[in-house]
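Colleague: One structure is given below, represented as structure tokens, and several questions about it will come after.
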Amino acid sequence: MSEVSAPSAPERDVRGAAIFVVVMAAVFAAPFPVCPTRILFHLPCPGCGATRAMLTLFRGDVHGSLHLHPLAVPATVLLVPLLIHTAVSIWQREAGREMPRWLLRSWQVLLLVATALWIARFFGALGGPVPV
């Protein structure tokens, strides 16, 4: 009788990454809202419309993307180096490796601007509030 050996670290990393990709694809493709704020409170969150805006941007509709969430373009641009950093960290088995300072600061600024935009849109400015 042959013994089944435990998967090696690279095999576990690839499996974990594959599971993450499948879960994220399911979230993006879900035909129902997956935003906890929308589900629980029926209110838009600071990122409300961002997923739809990114998907619209991926289809080539920049105007439609900006209408759904004006920060989807910079968020999409910042996703590229974030995904590269994450992939390299996993590949080199340094999952706890710090993000480059410029990337961390860029995301922090984006989150602050998103919060300010959310507050403005919540009170009717800048095309808000976003329909939920």
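Lettering and numbering for the structure tokens are positional, with chains as A, B, ... in the shown order, residues counted from 1 in each chain, and ligands counted from 1 in the shown order.
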For Leu112 (chain A), work out the shell of residues within 12 Å, counting only C-alpha atoms and skipping chain neighbours fewer than 6 positions away, then give it as a PyMOL selection string.
Modeller: chain A and resi 46-47+71+105-106+118-119
Colleague: How far is it from CA of Gly60 (chain A) to CA of Ala29 (chain A), in Å with one decimal?
Modeller: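 These two atoms are separated by 17.5 Å.
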Colleague: Taking into account only C-alpha atoms, which residue in the set A:Thr37, A:Gln92, A:Val80, A:Pro70 is nearest to Val113 (chain A)?
Modeller: A:Pro70
Colleague: Write out as a list in words which residues come within 10 Å of His69 (chain A) when counting only C-alpha atoms, dropping same-chain ones fewer than 3 positions away.
Modeller: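 Residues meeting the cut-off are Pro46, Gly47, Cys48, Gly49, Ala50, Thr51, Arg52, Ala53, Met54, Gly64, Ser65, Leu66, Ala72, Val73, Ala114, Leu117, Trp118, Gly127, Gly128 and Val130 of chain A.
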Colleague: How would the residues just picked look written out with C-alpha atoms as a PDB file, in the first residue's frame?
Modeller:
```pdb
ATOM      1  CA  PRO A  46     -16.898  54.325   0.780  1.00  0.00           C
ATOM      2  CA  GLY A  47     -16.112  51.833  -1.976  1.00  0.00           C
ATOM      3  CA  CYS A  48     -19.702  51.498  -3.164  1.00  0.00           C
ATOM      4  CA  GLY A  49     -19.692  51.175  -6.927  1.00  0.00           C
ATOM      5  CA  ALA A  50     -15.943  50.510  -7.118  1.00  0.00           C
ATOM      6  CA  THR A  51     -16.258  46.856  -8.102  1.00  0.00           C
ATOM      7  CA  ARG A  52     -18.805  47.678 -10.803  1.00  0.00           C
ATOM      8  CA  ALA A  53     -16.602  50.607 -11.873  1.00  0.00           C
ATOM      9  CA  MET A  54     -13.522  48.378 -12.202  1.00  0.00           C
ATOM     10  CA  GLY A  64     -19.056  54.651 -17.283  1.00  0.00           C
ATOM     11  CA  SER A  65     -16.379  53.611 -14.794  1.00  0.00           C
ATOM     12  CA  LEU A  66     -15.802  57.193 -13.648  1.00  0.00           C
ATOM     13  CA  ALA A  72     -11.781  53.146  -9.724  1.00  0.00           C
ATOM     14  CA  VAL A  73      -9.098  54.180 -12.224  1.00  0.00           C
ATOM     15  CA  ALA A 114     -12.340  57.586  -0.887  1.00  0.00           C
ATOM     16  CA  LEU A 117     -15.625  61.291  -1.498  1.00  0.00           C
ATOM     17  CA  TRP A 118     -18.046  58.973   0.313  1.00  0.00           C
ATOM     18  CA  GLY A 127     -23.226  62.636  -8.196  1.00  0.00           C
ATOM     19  CA  GLY A 128     -24.170  61.012  -4.918  1.00  0.00           C
ATOM     20  CA  VAL A 130     -24.626  56.139  -5.029  1.00  0.00           C
TER      21      VAL A 130
END
```
